[in-house]
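Let me begin by presenting the structure, written as C-alpha coordinates, before commenting on it.
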Amino acid sequence: MAELGVPLGERASLVQFSSAFCQPCRATRRILAEVAAMVEGVAHIEIDAEERLDLVRALGIEKTPTVLVLDATGREVRRAAGMPRKVDVIAALGAAV
(Lines give C-alpha, C1' and ligand atoms only; values in the text may rest on other atoms or scores of the structure.)
Protein backbone atom coordinates (compact mmCIF):
# COMPACT_ATOMS: atom_id res chain seq x y z
CA MET A 1 0.00 0.00 0.00
CA ALA A 2 2.61 2.49 -1.18
CA GLU A 3 0.06 5.29 -1.67
CA LEU A 4 0.02 5.96 2.10
CA GLY A 5 3.22 7.92 1.65
CA VAL A 6 4.75 6.77 4.95
CA PRO A 7 6.84 3.74 5.91
CA LEU A 8 4.99 0.69 7.17
CA GLY A 9 5.80 -1.22 10.34
CA GLU A 10 8.27 -4.12 10.10
CA ARG A 11 5.66 -6.69 11.14
CA ALA A 12 2.31 -4.90 10.72
CA SER A 13 0.66 -1.48 10.56
CA LEU A 14 -2.46 -0.03 12.15
CA VAL A 15 -3.73 2.61 9.72
CA GLN A 16 -6.31 4.98 11.19
CA PHE A 17 -8.42 7.32 9.05
CA SER A 18 -9.55 10.27 11.17
CA SER A 19 -11.16 13.67 10.81
CA ALA A 20 -10.65 16.82 12.86
CA PHE A 21 -14.02 16.90 14.65
CA CYS A 22 -14.33 13.16 15.29
CA GLN A 23 -14.57 12.42 19.05
CA PRO A 24 -14.11 8.62 18.71
CA CYS A 25 -10.97 9.28 16.61
CA ARG A 26 -9.16 10.62 19.68
CA ALA A 27 -9.89 7.51 21.73
CA THR A 28 -9.01 5.30 18.75
CA ARG A 29 -5.67 7.12 18.41
CA ARG A 30 -4.88 6.35 22.06
CA ILE A 31 -5.88 2.67 21.77
CA LEU A 32 -3.87 2.09 18.59
CA ALA A 33 -0.81 3.90 19.97
CA GLU A 34 -0.93 1.72 23.10
CA VAL A 35 -1.17 -1.49 21.07
CA ALA A 36 1.61 -0.40 18.68
CA ALA A 37 3.83 0.33 21.69
CA MET A 38 3.10 -3.15 23.12
CA VAL A 39 3.93 -5.14 19.98
CA GLU A 40 7.40 -4.79 18.50
CA GLY A 41 7.51 -3.98 14.79
CA VAL A 42 3.97 -2.56 14.65
CA ALA A 43 3.42 1.00 13.43
CA HIS A 44 0.41 3.25 14.09
CA ILE A 45 -0.23 5.49 11.10
CA GLU A 46 -2.91 8.16 11.31
CA ILE A 47 -4.26 9.71 8.12
CA ASP A 48 -6.41 12.83 7.99
CA ALA A 49 -9.33 11.73 5.80
CA GLU A 50 -10.10 15.30 4.73
CA GLU A 51 -6.54 15.87 3.50
CA ARG A 52 -6.34 12.52 1.68
CA LEU A 53 -9.70 12.27 -0.10
CA ASP A 54 -7.95 10.47 -2.98
CA LEU A 55 -6.92 7.67 -0.63
CA VAL A 56 -10.31 7.62 1.14
CA ARG A 57 -12.05 7.11 -2.20
CA ALA A 58 -9.53 4.55 -3.47
CA LEU A 59 -9.87 2.43 -0.33
CA GLY A 60 -13.64 2.86 0.09
CA ILE A 61 -13.44 4.52 3.52
CA GLU A 62 -16.97 5.61 4.45
CA LYS A 63 -16.65 6.96 8.00
CA THR A 64 -14.14 7.97 10.64
CA PRO A 65 -12.56 6.41 12.47
CA THR A 66 -11.82 3.49 10.17
CA VAL A 67 -8.88 1.26 11.03
CA LEU A 68 -7.05 -0.95 8.54
CA VAL A 69 -4.72 -3.68 9.78
CA LEU A 70 -1.96 -4.28 7.25
CA ASP A 71 0.58 -7.10 7.23
CA ALA A 72 4.30 -6.48 6.67
CA THR A 73 3.81 -6.33 2.89
CA GLY A 74 1.04 -3.71 3.15
CA ARG A 75 -1.80 -6.14 2.39
CA GLU A 76 -5.06 -5.36 4.21
CA VAL A 77 -5.96 -8.24 6.54
CA ARG A 78 -8.70 -6.59 8.63
CA ARG A 79 -10.85 -3.45 8.53
CA ALA A 80 -13.13 -1.94 11.14
CA ALA A 81 -15.23 1.23 11.23
CA GLY A 82 -15.91 2.97 14.52
CA MET A 83 -13.90 2.96 17.72
CA PRO A 84 -12.32 -0.47 18.25
CA ARG A 85 -11.81 -2.26 21.54
CA LYS A 86 -8.21 -2.86 22.50
CA VAL A 87 -8.68 -6.65 22.66
CA ASP A 88 -10.13 -6.64 19.12
CA VAL A 89 -7.13 -4.69 17.79
CA ILE A 90 -4.75 -7.17 19.42
CA ALA A 91 -6.72 -10.09 17.96
CA ALA A 92 -6.71 -8.50 14.48
CA LEU A 93 -2.95 -8.04 14.71
CA GLY A 94 -2.68 -11.78 15.22
CA ALA A 95 -3.90 -12.24 11.64
CA ALA A 96 -1.24 -9.85 10.33
CA VAL A 97 1.96 -10.91 12.12
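For the C-alpha coordinates, the naming scheme is as follows: chains receive sequential letters (A, B, ...) according to their order of presentation, residues are indexed from 1 within each chain, and ligands are indexed from 1 in presentation order.
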
For the contact check between stretch 41-75 of chain A and stretch 19-34 of chain A, emit one row per residue of stretch 41-75 of chain A within 8 Å, containing the shortest atom pair and the distance in Å rounded to one decimal, counting only C-alpha atoms, chain then rising number order, as a tab-separated table.
residue	atom	partner	partner_atom	distance
A:His44	CA	A:Ala33	CA	6.0
A:Glu46	CA	A:Arg29	CA	7.7
A:Asp48	CA	A:Ser19	CA	5.6
A:Ala49	CA	A:Ser19	CA	5.7
A:Glu50	CA	A:Ser19	CA	6.4
A:Thr64	CA	A:Ser19	CA	6.4
A:Pro65	CA	A:Cys25	CA	5.3

Taking N, CA and C atoms for each residue, export the selection above as a PDB file, in the first residue's frame.
ATOM      1  N   HIS A  44       1.728   2.605  14.122  1.00  0.00           N
ATOM      2  CA  HIS A  44       0.412   3.246  14.090  1.00  0.00           C
ATOM      3  C   HIS A  44       0.536   4.433  13.153  1.00  0.00           C
ATOM      4  N   GLU A  46      -1.625   7.448  11.339  1.00  0.00           N
ATOM      5  CA  GLU A  46      -2.908   8.162  11.306  1.00  0.00           C
ATOM      6  C   GLU A  46      -2.962   9.039  10.065  1.00  0.00           C
ATOM      7  N   ASP A  48      -5.314  11.878   7.964  1.00  0.00           N
ATOM      8  CA  ASP A  48      -6.415  12.832   7.989  1.00  0.00           C
ATOM      9  C   ASP A  48      -7.255  12.596   6.729  1.00  0.00           C
ATOM     10  N   ALA A  49      -8.465  12.100   6.928  1.00  0.00           N
ATOM     11  CA  ALA A  49      -9.331  11.731   5.801  1.00  0.00           C
ATOM     12  C   ALA A  49      -9.646  12.936   4.911  1.00  0.00           C
ATOM     13  N   GLU A  50      -9.758  14.117   5.516  1.00  0.00           N
ATOM     14  CA  GLU A  50     -10.105  15.304   4.730  1.00  0.00           C
ATOM     15  C   GLU A  50      -8.942  15.741   3.841  1.00  0.00           C
ATOM     16  N   THR A  64     -15.303   7.919   9.753  1.00  0.00           N
ATOM     17  CA  THR A  64     -14.135   7.972  10.645  1.00  0.00           C
ATOM     18  C   THR A  64     -14.612   7.721  12.068  1.00  0.00           C
ATOM     19  N   PRO A  65     -13.820   7.026  12.865  1.00  0.00           N
ATOM     20  CA  PRO A  65     -12.561   6.406  12.469  1.00  0.00           C
ATOM     21  C   PRO A  65     -12.790   5.085  11.740  1.00  0.00           C
TER      22      PRO A  65
END

Inset, instruction - Extract the full set of helix (DSSP H, G or I) residues from stretch 11-97 of chain A according to DSSP on the backbone, and format it as a PyMOL selection string. - result: chain A and resi 23-38+53-59+86-96

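Nearest residue to A:Arg78 among A:Ala36, A:Ile47, A:Val15, A:Val56 is A:Val15, counting only C-alpha atoms.
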
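Backbone DSSP over chain A gives strand (DSSP E) for Ala12, Ser13, Leu14, Val15, Gln16, Phe17, Ser18, Val42, Ala43, His44, Ile45, Glu46, Ile47, Asp48, Thr66, Val67, Leu68, Val69, Leu70, Asp71, Glu76, Val77, Arg78, Arg79, Ala80 and Ala81 of chain A.
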
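Ranking A:Lys86, A:Val77, A:Ile45, A:Gln16 by their shortest atom-to-atom distance to A:Lys63, with only C-alpha atoms included, puts A:Gln16 first.
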
Proximity check stretch 17-92 of chain A to stretch 7-12 of chain A, 12 Å, nearest pairs one decimal Å, only C-alpha atoms, as JSON lines:
{"residue": "A:Val35", "atom": "CA", "partner": "A:Ala12", "partner_atom": "CA", "distance": 11.4}
{"residue": "A:Ala36", "atom": "CA", "partner": "A:Ala12", "partner_atom": "CA", "distance": 9.2}
{"residue": "A:Ala37", "atom": "CA", "partner": "A:Gly9", "partner_atom": "CA", "distance": 11.6}
{"residue": "A:Val39", "atom": "CA", "partner": "A:Arg11", "partner_atom": "CA", "distance": 9.1}
{"residue": "A:Glu40", "atom": "CA", "partner": "A:Arg11", "partner_atom": "CA", "distance": 7.8}
{"residue": "A:Gly41", "atom": "CA", "partner": "A:Glu10", "partner_atom": "CA", "distance": 4.8}
{"residue": "A:Val42", "atom": "CA", "partner": "A:Ala12", "partner_atom": "CA", "distance": 4.9}
{"residue": "A:Ala43", "atom": "CA", "partner": "A:Gly9", "partner_atom": "CA", "distance": 4.5}
{"residue": "A:His44", "atom": "CA", "partner": "A:Gly9", "partner_atom": "CA", "distance": 7.9}
{"residue": "A:Ile45", "atom": "CA", "partner": "A:Leu8", "partner_atom": "CA", "distance": 8.1}
{"residue": "A:Glu46", "atom": "CA", "partner": "A:Leu8", "partner_atom": "CA", "distance": 11.6}
{"residue": "A:Leu68", "atom": "CA", "partner": "A:Ala12", "partner_atom": "CA", "distance": 10.4}
{"residue": "A:Val69", "atom": "CA", "partner": "A:Ala12", "partner_atom": "CA", "distance": 7.2}
{"residue": "A:Leu70", "atom": "CA", "partner": "A:Ala12", "partner_atom": "CA", "distance": 5.5}
{"residue": "A:Asp71", "atom": "CA", "partner": "A:Ala12", "partner_atom": "CA", "distance": 4.5}
{"residue": "A:Ala72", "atom": "CA", "partner": "A:Arg11", "partner_atom": "CA", "distance": 4.7}
{"residue": "A:Thr73", "atom": "CA", "partner": "A:Ala12", "partner_atom": "CA", "distance": 8.1}
{"residue": "A:Gly74", "atom": "CA", "partner": "A:Leu8", "partner_atom": "CA", "distance": 7.2}
{"residue": "A:Arg75", "atom": "CA", "partner": "A:Ala12", "partner_atom": "CA", "distance": 9.4}
{"residue": "A:Glu76", "atom": "CA", "partner": "A:Ala12", "partner_atom": "CA", "distance": 9.8}
{"residue": "A:Val77", "atom": "CA", "partner": "A:Ala12", "partner_atom": "CA", "distance": 9.9}
{"residue": "A:Arg78", "atom": "CA", "partner": "A:Ala12", "partner_atom": "CA", "distance": 11.3}
{"residue": "A:Val89", "atom": "CA", "partner": "A:Ala12", "partner_atom": "CA", "distance": 11.8}
{"residue": "A:Ile90", "atom": "CA", "partner": "A:Ala12", "partner_atom": "CA", "distance": 11.4}
{"residue": "A:Ala92", "atom": "CA", "partner": "A:Ala12", "partner_atom": "CA", "distance": 10.4}

Would you mind exporting the chosen residues as a PDB file, in the first residue's frame, restricted to N, CA and C atoms?
ATOM      1  N   VAL A  35      -1.404  -0.158  21.632  1.00  0.00           N
ATOM      2  CA  VAL A  35      -1.170  -1.488  21.065  1.00  0.00           C
ATOM      3  C   VAL A  35       0.139  -1.498  20.270  1.00  0.00           C
ATOM      4  N   ALA A  36       0.377  -0.463  19.468  1.00  0.00           N
ATOM      5  CA  ALA A  36       1.612  -0.398  18.681  1.00  0.00           C
ATOM      6  C   ALA A  36       2.836  -0.374  19.591  1.00  0.00           C
ATOM      7  N   ALA A  37       2.718   0.277  20.743  1.00  0.00           N
ATOM      8  CA  ALA A  37       3.830   0.331  21.693  1.00  0.00           C
ATOM      9  C   ALA A  37       4.064  -1.030  22.363  1.00  0.00           C
ATOM     10  N   VAL A  39       3.516  -4.092  20.925  1.00  0.00           N
ATOM     11  CA  VAL A  39       3.927  -5.138  19.985  1.00  0.00           C
ATOM     12  C   VAL A  39       5.074  -4.616  19.114  1.00  0.00           C
ATOM     13  N   GLU A  40       6.228  -5.229  19.243  1.00  0.00           N
ATOM     14  CA  GLU A  40       7.398  -4.793  18.496  1.00  0.00           C
ATOM     15  C   GLU A  40       7.185  -4.936  16.991  1.00  0.00           C
ATOM     16  N   GLY A  41       7.610  -3.924  16.250  1.00  0.00           N
ATOM     17  CA  GLY A  41       7.509  -3.976  14.794  1.00  0.00           C
ATOM     18  C   GLY A  41       6.173  -3.552  14.239  1.00  0.00           C
ATOM     19  N   VAL A  42       5.287  -3.021  15.102  1.00  0.00           N
ATOM     20  CA  VAL A  42       3.967  -2.563  14.648  1.00  0.00           C
ATOM     21  C   VAL A  42       3.944  -1.035  14.658  1.00  0.00           C
ATOM     22  N   ALA A  43       3.503  -0.452  13.549  1.00  0.00           N
ATOM     23  CA  ALA A  43       3.418   0.998  13.426  1.00  0.00           C
ATOM     24  C   ALA A  43       1.961   1.447  13.480  1.00  0.00           C
ATOM     25  N   HIS A  44       1.728   2.605  14.122  1.00  0.00           N
ATOM     26  CA  HIS A  44       0.412   3.246  14.090  1.00  0.00           C
ATOM     27  C   HIS A  44       0.536   4.433  13.153  1.00  0.00           C
ATOM     28  N   ILE A  45      -0.257   4.431  12.106  1.00  0.00           N
ATOM     29  CA  ILE A  45      -0.227   5.492  11.101  1.00  0.00           C
ATOM     30  C   ILE A  45      -1.599   6.140  11.076  1.00  0.00           C
ATOM     31  N   GLU A  46      -1.625   7.448  11.339  1.00  0.00           N
ATOM     32  CA  GLU A  46      -2.908   8.162  11.306  1.00  0.00           C
ATOM     33  C   GLU A  46      -2.962   9.039  10.065  1.00  0.00           C
ATOM     34  N   LEU A  68      -7.491   0.155   9.382  1.00  0.00           N
ATOM     35  CA  LEU A  68      -7.048  -0.950   8.542  1.00  0.00           C
ATOM     36  C   LEU A  68      -5.864  -1.615   9.230  1.00  0.00           C
ATOM     37  N   VAL A  69      -5.866  -2.939   9.271  1.00  0.00           N
ATOM     38  CA  VAL A  69      -4.720  -3.685   9.784  1.00  0.00           C
ATOM     39  C   VAL A  69      -4.002  -4.252   8.561  1.00  0.00           C
ATOM     40  N   LEU A  70      -2.753  -3.845   8.390  1.00  0.00           N
ATOM     41  CA  LEU A  70      -1.956  -4.282   7.246  1.00  0.00           C
ATOM     42  C   LEU A  70      -0.855  -5.224   7.713  1.00  0.00           C
ATOM     43  N   ASP A  71      -0.549  -6.222   6.893  1.00  0.00           N
ATOM     44  CA  ASP A  71       0.578  -7.095   7.229  1.00  0.00           C
ATOM     45  C   ASP A  71       1.878  -6.399   6.801  1.00  0.00           C
ATOM     46  N   ALA A  72       2.995  -7.080   6.952  1.00  0.00           N
ATOM     47  CA  ALA A  72       4.301  -6.476   6.673  1.00  0.00           C
ATOM     48  C   ALA A  72       4.449  -6.041   5.215  1.00  0.00           C
ATOM     49  N   THR A  73       3.711  -6.680   4.310  1.00  0.00           N
ATOM     50  CA  THR A  73       3.810  -6.329   2.887  1.00  0.00           C
ATOM     51  C   THR A  73       2.850  -5.202   2.498  1.00  0.00           C
ATOM     52  N   GLY A  74       2.003  -4.760   3.445  1.00  0.00           N
ATOM     53  CA  GLY A  74       1.035  -3.713   3.149  1.00  0.00           C
ATOM     54  C   GLY A  74      -0.311  -4.235   2.691  1.00  0.00           C
ATOM     55  N   ARG A  75      -0.516  -5.543   2.781  1.00  0.00           N
ATOM     56  CA  ARG A  75      -1.802  -6.141   2.393  1.00  0.00           C
ATOM     57  C   ARG A  75      -2.799  -5.970   3.536  1.00  0.00           C
ATOM     58  N   GLU A  76      -4.008  -5.535   3.204  1.00  0.00           N
ATOM     59  CA  GLU A  76      -5.059  -5.357   4.215  1.00  0.00           C
ATOM     60  C   GLU A  76      -5.550  -6.728   4.673  1.00  0.00           C
ATOM     61  N   VAL A  77      -5.474  -6.966   5.998  1.00  0.00           N
ATOM     62  CA  VAL A  77      -5.958  -8.241   6.536  1.00  0.00           C
ATOM     63  C   VAL A  77      -7.228  -8.073   7.366  1.00  0.00           C
ATOM     64  N   ARG A  78      -7.475  -6.878   7.870  1.00  0.00           N
ATOM     65  CA  ARG A  78      -8.698  -6.588   8.627  1.00  0.00           C
ATOM     66  C   ARG A  78      -9.061  -5.110   8.430  1.00  0.00           C
ATOM     67  N   VAL A  89      -8.302  -5.125  18.561  1.00  0.00           N
ATOM     68  CA  VAL A  89      -7.135  -4.689  17.792  1.00  0.00           C
ATOM     69  C   VAL A  89      -6.014  -5.712  17.946  1.00  0.00           C
ATOM     70  N   ILE A  90      -5.794  -6.178  19.165  1.00  0.00           N
ATOM     71  CA  ILE A  90      -4.745  -7.167  19.419  1.00  0.00           C
ATOM     72  C   ILE A  90      -5.063  -8.464  18.663  1.00  0.00           C
ATOM     73  N   ALA A  92      -6.872  -8.758  15.914  1.00  0.00           N
ATOM     74  CA  ALA A  92      -6.714  -8.499  14.480  1.00  0.00           C
ATOM     75  C   ALA A  92      -5.234  -8.508  14.102  1.00  0.00           C
TER      76      ALA A  92
END

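Atom CA of A:Glu51 is positioned 26.6 Å from atom CA of A:Leu93.
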